[in-house]
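Asker: Before anything else, here's the structure in question.
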Amino acid sequence: MASAVVAFVLTLAQKGIRWYSPTMADTTIKISEEVRDHLREVAEERGISTRALVEELAASLQTKSEREAAVQRNIATVRERFGVELTPEGIAATRSKLDQLREQARGRAA
């Protein structure tokens with residue numbers, strides 16, 4: 001059976017037909033050996049491939065527009081559930097205070 005599969009794949013390759021999903025792109029990303037090794041180790045610990053780990057990491061990151069959409073949904077939730085109208089000024093002041101707290105926490109961690 002395995003030899004039949006190999007023969008089939010070779011036949012496709014000879015005809016110039018690629019044997020992988022059209023939704024997957026082969027991409028080369030230049031990273032340091034240290035980062036590559038770290039990714040491999042983390043992937044191995046999780047029992048997944050490095051490719052799967054990178055896909056998970058990429059999927060967990062939000063674009064600026066996705067983050068802003070989430071903020072707008074949260075503002076709407078606060079308004080609907082608590083009857084509080086969050087103003088742009090109030091949101092900016094809160095973000096500023098959070099930035100200050102993060103900086104203080106970084107200073108303590110250093």
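For the structure tokens, the naming scheme is as follows: chains receive sequential letters (A, B, ...) according to their order of presentation, residues are indexed from 1 within each chain, and ligands are indexed from 1 in presentation order.
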Identify, on the basis of only C-alpha atoms, every residue whose closest approach to Thr87 of chain A does not exceed 12 Å; exclude the query and any residue fewer than 3 positions from it along the same chain; express the result as a ChimeraX atom specification.

Answerer: /A:72,75-76,78-79,84,90-94

Asker: Store the residues picked out above in a file with N, CA and C atoms, as a PDB file, in the first residue's frame.

Answerer:
ATOM      1  N   GLN A  72     -14.527  48.458  21.210  1.00  0.00           N
ATOM      2  CA  GLN A  72     -15.878  48.950  20.945  1.00  0.00           C
ATOM      3  C   GLN A  72     -16.937  47.978  21.470  1.00  0.00           C
ATOM      4  N   ILE A  75     -17.003  48.433  25.261  1.00  0.00           N
ATOM      5  CA  ILE A  75     -17.690  49.683  25.620  1.00  0.00           C
ATOM      6  C   ILE A  75     -19.200  49.477  25.548  1.00  0.00           C
ATOM      7  N   ALA A  76     -19.641  48.807  24.490  1.00  0.00           N
ATOM      8  CA  ALA A  76     -21.081  48.544  24.340  1.00  0.00           C
ATOM      9  C   ALA A  76     -21.593  47.649  25.462  1.00  0.00           C
ATOM     10  N   VAL A  78     -20.356  47.396  28.560  1.00  0.00           N
ATOM     11  CA  VAL A  78     -20.418  48.200  29.790  1.00  0.00           C
ATOM     12  C   VAL A  78     -21.665  49.083  29.777  1.00  0.00           C
ATOM     13  N   ARG A  79     -21.938  49.683  28.628  1.00  0.00           N
ATOM     14  CA  ARG A  79     -23.125  50.547  28.511  1.00  0.00           C
ATOM     15  C   ARG A  79     -24.403  49.746  28.738  1.00  0.00           C
ATOM     16  N   VAL A  84     -23.380  52.551  32.098  1.00  0.00           N
ATOM     17  CA  VAL A  84     -22.318  53.551  32.189  1.00  0.00           C
ATOM     18  C   VAL A  84     -21.885  53.932  30.785  1.00  0.00           C
ATOM     19  N   GLY A  90     -12.629  59.665  29.128  1.00  0.00           N
ATOM     20  CA  GLY A  90     -12.519  58.711  30.230  1.00  0.00           C
ATOM     21  C   GLY A  90     -11.694  57.493  29.841  1.00  0.00           C
ATOM     22  N   ILE A  91     -11.893  57.033  28.626  1.00  0.00           N
ATOM     23  CA  ILE A  91     -11.129  55.880  28.137  1.00  0.00           C
ATOM     24  C   ILE A  91      -9.651  56.262  28.024  1.00  0.00           C
ATOM     25  N   ALA A  92      -9.371  57.450  27.495  1.00  0.00           N
ATOM     26  CA  ALA A  92      -7.980  57.898  27.361  1.00  0.00           C
ATOM     27  C   ALA A  92      -7.315  58.029  28.725  1.00  0.00           C
ATOM     28  N   ALA A  93      -8.047  58.554  29.706  1.00  0.00           N
ATOM     29  CA  ALA A  93      -7.491  58.695  31.051  1.00  0.00           C
ATOM     30  C   ALA A  93      -7.207  57.327  31.667  1.00  0.00           C
ATOM     31  N   THR A  94      -8.097  56.385  31.436  1.00  0.00           N
ATOM     32  CA  THR A  94      -7.911  55.033  31.961  1.00  0.00           C
ATOM     33  C   THR A  94      -6.704  54.365  31.313  1.00  0.00           C
TER      34      THR A  94
END

Asker: Between atom CA of Glu56 of chain A and atom CA of Ala43 of chain A, what is the spacing in Å?

Answerer: 10.4 Å

Asker: For a quick check of understanding, using only C-alpha atoms, which of A:Ser96, A:Arg40, A:Phe82, A:Glu89 has the smallest distance to Val54 of chain A?

Answerer: A:Arg40
